[in-house]
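Report on the structure given below.
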Amino acid sequence: MLRRKSTLIGPCWLEIQQSRYLASPPPPSELSRLHYPAGSWSRRHQAGQEAGQLSVTQTNRTLKANEHSHTLPRGPASHGVLGFHSNTLPSNHPSEDRRSSATCLLGRGGVLFGVFDGHAGPSCAQAISQRLFYYITVAMLPLRMLQELDRAVEEDRALPPLLEWHRHPQDHSCPDGGTISFHSLRNYWQERLDEDEEEDKEQDDGRVTSALMDAFQRLDYDMSVEAQVHLSLSSPRRVSIPGEGLSLSSPLRVALSGSTACVIHISNGVLHVANLGDSRAVLGVQEQDGRWSALNLTNDHNAQNPEELQRILGEHPASERRTVVRHDRLLGLLLPFRAFGDVRFKWSAEMLNRLYDTRPDILSAVSESVRTLPPQYLTPPYLSARPEVTRHLIRPADKFLVLATDGLWELMHRQTVIQMVGEHQAGLLQQRPIIPSADTTLGSLQRLLLERRSRVKAVLEDHNSATHLLRHALGDDGYGSVAPNRLARMLSLPADLVRRYRDDITITVIHLNEL
C-alpha cells in the first residue's frame with residue numbers, strides 16, 4: 001500500500017535525488033520489431049535467451065516490482081478522482097523516467113499527476129519530478145496565502161504542508177539540493193506578491209492555465225540560473241580530481257540533462273493537461289453502446305507535428321531553415337522540440353564555450369552527447385519550456401485517463417491502450433461476489449458463472465491497470481493476447497541489449513468515474 005507523507009516547506013523541504021548512472025544512446029530502428037507477432041522474433045535472440053529465461057513467478061515479480069495503487073477518499077477532497085494505478089519499467093539502468101502524484105492541500109486544491117521522461121541522464125527528470133508540483137501550487141495560491149507563508153518564513157515558524165505526496169516506497173527520494181530549491185521557490189512566490197490584486201482575481205479556469213504555463217517556465221528559468229551561479233562560483237579546472245565526481249543533483253548536471261513533462265491537474269471535475277515533449281495523456285471514453293474511444297488531450301512536440309515544426313522554423317531566420325531541424329531532430333540531435341533543462345540548446349554560444357573550455361571535469365561526468373556545442377548553433381534559444389495546456393470538463397462517460405511516457409506509445413496505439421484498460425476494468429468488476437436474487441435459477445446462475453469466467457480469465461494476473469498494459473505491450477502475440485515466452489524473453493534481455501528494443505516505460509492510469 002501507499003506510504004503517505006506530507007512534506008513541509010523548510011530549508012530541506014524539497015526532496016531531490018538523482019540516479020547513479022549516465023544516459024544510454026537513443027534506441028535504433030530495431031524497436032519497431034516489437035509491433036510484430038512473437039513468431040517474428042529472431043532465432044538468434046530466441047536461442048540466446050532460452051537458458052536464462054525468467055519463470056512465470058520471476059516474470060510477475062519483475063513486472064510488479066514498481067506497481068502502485070492508491071484510492072482517494074470519497075468526497076470533495078478527491079476532486080472527482082477515484083484513485084490511480086501506476087507502474088514503471090526501466091530500460092536504462094537506472095531508469096531516466098520519473099513519476100509523481102500528490103494532492104494540493106491549500107488554496108483551491110486539486111490532484112496532480114505527472115510523468116517525466118529524461119534524456120542525457122536522469123538528473124533533470126528527477127529534479128522536476130520533485131520541484132514542479134511546488135511551483136504549480138505556488139502559482140495557483142491566492143496572494144494572501146503567499147503572504148502568510150512568507151511571514152512564517154521571516155518569523156521562523158513552522159509552515160503548513162503544501163502537498164501530500166502519493167509515492168511508491170521505491171520511488172526516488174532524498175533531500176539533496178533542498179536549500180537551493182527552497183530559495184528559488186521563495187523568490188518565485190515573492191515576485192508573485194508584487195502582482196496586481198486584480199490579476200489575482202482572474203477566473204479559476206484561466207488562472208489554472210496561466211499558472212501551469214508560468215510554473216513550467218519559471219522552474220526551467222530557475223534551474224538555468226542555478227547552473228550559471230554554480231558555474232561562476234566554482235573554480236575552473238583542466239582535469240578532474242580522482243574520486244571527485246559531479247553530484248547527480250548538481251545544478252549543472254540538472255541543467256545539462258533534459259526531460260519532457262506531462263502533468264495533469266484535476267480540481268472540482270475540471271481537468272487541465274500541461275504538456276512539454278512527447279509523453280501523452282489519452283482519455284478513455286465509454287460510448288452509450290459500451291464501446292471505447294480514445295480522446296487525445298496532448299500533442300507531440302516533435303517533427304511529426306506539422307504545427308510544431310512550423311513554430312520552430314518561424315522562430316529562426318530563413319537562412320537556418322535547413323539546419324534548425326535535420327533528420328527530424330532539433331539541430332540534428334534532439335527529438336522533442338520542448339523540454340526542461342538541455343541548456344546546450346538554450347544558453348548563448350559564448351556561455352557554452354566558456355563551460356566547455358574551462359570545466360572539462362564537469363563534462364567528463366555527464367553524457368557524451370552534451371560535451372560539445374551543437375552544429376549550426378547560430379540563434380539560440382532553440383528549445384522551449386513553454387507547455388501546451390488543454391482544458392477538459394470531465395463528463396460521466398469519461399472513465400479513466402492514461403498518462404504515459406513515449407515508451408508505451410511506441411509499442412501500442414492509443415485506441416488499443418484505451419480498449420485494453422476498459423476491458424481490464426470491466427473484467428475486475430466481474431470478479432466481485434455474485435449475489436443471487438430471489439428469482440435466480442440454478443441454470444441462469446451457471447450461465448452467469450461461465451460468462452464471468454471467460455471475461456476475467458485475461459485479467460486475473462493483474463489488478464493494476466498499468467501493469468496489465470506493460471504485460472501486453474511487451475508480450476503481445478500479435479492477436480491481442482500475451483505470449484508468455486515472448487514476455488519472459490523481453491524481461492530477460494541483458495542491460496547492454498534491452499535499450500535496443502524498448503525505452504523506459506512509465507504509466508499512470510487515473511480513474512475518474514465508475515464503469
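Please note that chains go A, B, ... in the order of the C-alpha cells, that every chain numbers its residues from 1, and that ligands are numbered from 1 in the order shown.
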
Quiz item: Quick one: residues within 10 Å of Thr260 of chain A, only C-alpha atoms counted, chain neighbours fewer than 5 positions away excluded, as a list in words?
Solution: Asp97, Val115, Phe116, Asp117, Gly118, His119, Cys124, Ala125, Ile128, Asn275, Leu276, Gly277, Asp278, Ser279, His301, Pro336, Phe337, Arg338, Ala339, Phe340, Gly341, Ala385, Pro387, Thr405 and Asp406 of chain A

Pull N, CA, C and O atoms from the residues just selected and write them as a short mmCIF file (atom, residue, chain, number, x, y, z; two decimals), in the first residue's frame.
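Output file result18.cif is given in full below:
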```cif
data_model
loop_
_atom_site.label_atom_id
_atom_site.label_comp_id
_atom_site.auth_asym_id
_atom_site.auth_seq_id
_atom_site.Cartn_x
_atom_site.Cartn_y
_atom_site.Cartn_z
N ASP A 97 13.13 7.70 -16.56
CA ASP A 97 11.75 8.13 -16.33
C ASP A 97 11.53 8.41 -14.84
O ASP A 97 12.16 7.80 -13.98
N VAL A 115 4.26 12.53 -15.43
CA VAL A 115 5.30 11.61 -15.88
C VAL A 115 6.38 12.45 -16.55
O VAL A 115 6.09 13.43 -17.24
N PHE A 116 7.63 12.05 -16.35
CA PHE A 116 8.77 12.84 -16.78
C PHE A 116 9.78 11.90 -17.45
O PHE A 116 10.24 10.94 -16.83
N ASP A 117 10.10 12.18 -18.70
CA ASP A 117 10.98 11.31 -19.50
C ASP A 117 12.31 12.02 -19.71
O ASP A 117 12.41 12.96 -20.52
N GLY A 118 13.34 11.58 -18.98
CA GLY A 118 14.64 12.23 -19.05
C GLY A 118 15.48 11.76 -20.22
O GLY A 118 15.24 10.70 -20.80
N HIS A 119 16.45 12.56 -20.57
CA HIS A 119 17.44 12.18 -21.59
C HIS A 119 18.78 12.82 -21.23
O HIS A 119 18.83 13.79 -20.49
N CYS A 124 17.77 15.78 -14.64
CA CYS A 124 16.73 16.78 -14.86
C CYS A 124 15.34 16.21 -14.54
O CYS A 124 14.53 16.85 -13.88
N ALA A 125 15.07 14.99 -15.01
CA ALA A 125 13.77 14.37 -14.73
C ALA A 125 13.56 14.23 -13.23
O ALA A 125 12.45 14.47 -12.72
N ILE A 128 12.78 17.86 -11.66
CA ILE A 128 11.45 18.42 -11.90
C ILE A 128 10.35 17.56 -11.30
O ILE A 128 9.29 18.07 -10.92
N ASN A 275 1.60 19.96 -21.19
CA ASN A 275 2.49 19.01 -21.85
C ASN A 275 3.69 19.70 -22.47
O ASN A 275 3.58 20.78 -23.04
N LEU A 276 4.82 19.02 -22.34
CA LEU A 276 6.09 19.52 -22.85
C LEU A 276 6.83 18.32 -23.40
O LEU A 276 7.37 17.51 -22.64
N GLY A 277 6.82 18.12 -24.71
CA GLY A 277 7.53 16.99 -25.29
C GLY A 277 6.62 15.96 -25.91
O GLY A 277 5.61 16.28 -26.53
N ASP A 278 6.94 14.66 -25.73
CA ASP A 278 6.22 13.60 -26.43
C ASP A 278 5.62 12.53 -25.54
O ASP A 278 5.27 11.45 -26.01
N SER A 279 5.50 12.79 -24.23
CA SER A 279 4.63 11.93 -23.41
C SER A 279 3.19 12.30 -23.73
O SER A 279 2.93 13.37 -24.28
N HIS A 301 5.30 17.18 -29.31
CA HIS A 301 6.11 18.32 -29.72
C HIS A 301 7.38 17.80 -30.38
O HIS A 301 8.45 17.74 -29.78
N PRO A 336 12.55 15.71 -29.01
CA PRO A 336 11.48 16.63 -28.60
C PRO A 336 11.86 18.08 -28.87
O PRO A 336 13.02 18.47 -28.72
N PHE A 337 10.90 18.90 -29.26
CA PHE A 337 11.12 20.32 -29.53
C PHE A 337 10.83 21.20 -28.31
O PHE A 337 11.00 22.41 -28.36
N ARG A 338 10.33 20.59 -27.22
CA ARG A 338 10.10 21.31 -25.98
C ARG A 338 10.56 20.41 -24.84
O ARG A 338 10.27 19.21 -24.83
N ALA A 339 11.28 20.99 -23.88
CA ALA A 339 11.78 20.19 -22.76
C ALA A 339 12.33 21.09 -21.68
O ALA A 339 12.71 22.24 -21.92
N PHE A 340 12.38 20.56 -20.46
CA PHE A 340 13.10 21.19 -19.37
C PHE A 340 14.60 20.96 -19.56
O PHE A 340 15.03 19.97 -20.18
N GLY A 341 15.41 21.85 -18.96
CA GLY A 341 16.86 21.65 -18.98
C GLY A 341 17.43 21.83 -20.37
O GLY A 341 17.06 22.74 -21.12
N ALA A 385 10.54 25.71 -23.02
CA ALA A 385 9.91 25.04 -21.87
C ALA A 385 8.49 25.56 -21.67
O ALA A 385 7.92 25.41 -20.59
N PRO A 387 4.76 25.08 -21.95
CA PRO A 387 3.89 23.92 -22.18
C PRO A 387 2.66 24.28 -23.01
O PRO A 387 2.26 25.45 -23.08
N THR A 405 4.75 7.88 -20.61
CA THR A 405 5.89 8.34 -21.40
C THR A 405 5.86 7.64 -22.76
O THR A 405 5.11 6.69 -22.98
N ASP A 406 6.70 8.13 -23.67
CA ASP A 406 6.63 7.62 -25.04
C ASP A 406 7.02 6.16 -25.18
O ASP A 406 6.74 5.54 -26.20
#
```

Going by DSSP on the backbone, which residues of segment 108-167 of chain A come out as strand (DSSP E or B)? List them as an mmCIF file with C-alpha atoms, in the first residue's frame.
```
data_model
loop_
_atom_site.group_PDB
_atom_site.id
_atom_site.type_symbol
_atom_site.label_atom_id
_atom_site.label_comp_id
_atom_site.auth_asym_id
_atom_site.auth_seq_id
_atom_site.Cartn_x
_atom_site.Cartn_y
_atom_site.Cartn_z
ATOM 1 C CA GLY A 110 -6.711 19.616 -6.627
ATOM 2 C CA VAL A 111 -4.857 16.436 -7.506
ATOM 3 C CA LEU A 112 -1.646 16.447 -9.556
ATOM 4 C CA PHE A 113 -0.150 13.633 -11.651
ATOM 5 C CA GLY A 114 2.962 13.751 -13.786
ATOM 6 C CA VAL A 115 5.303 11.612 -15.876
ATOM 7 C CA PHE A 116 8.771 12.837 -16.783
ATOM 8 C CA ASP A 117 10.977 11.314 -19.499
ATOM 9 C CA GLY A 118 14.636 12.233 -19.045
ATOM 10 C CA HIS A 119 17.441 12.182 -21.587
ATOM 11 C CA LEU A 163 1.347 18.844 -0.842
ATOM 12 C CA GLU A 164 0.527 15.348 0.273
ATOM 13 C CA TRP A 165 2.659 13.060 -1.870
ATOM 14 C CA HIS A 166 1.390 9.668 -3.042
ATOM 15 C CA ARG A 167 4.571 7.686 -3.620
#
```

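Using only C-alpha atoms, the nearest neighbour of Glu423 of chain A within the list A:Arg359, A:His468, A:Pro380, A:Phe345 is A:His468.
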
Quiz item: Which residues, written as a PyMOL selection string, have at least one atom at most 7 Å from Ser129 of chain A, with only C-alpha atoms counted and residues fewer than 3 positions away on the same chain left out?
Solution: chain A and resi 98-100+116+125-126+132

Quiz item: Given the choices A:Gln425, A:Gly107, A:Glu368, A:Ala281, which gets closest to Asp462 of chain A if the distance is worked out from only C-alpha atoms?
Solution: A:Gln425
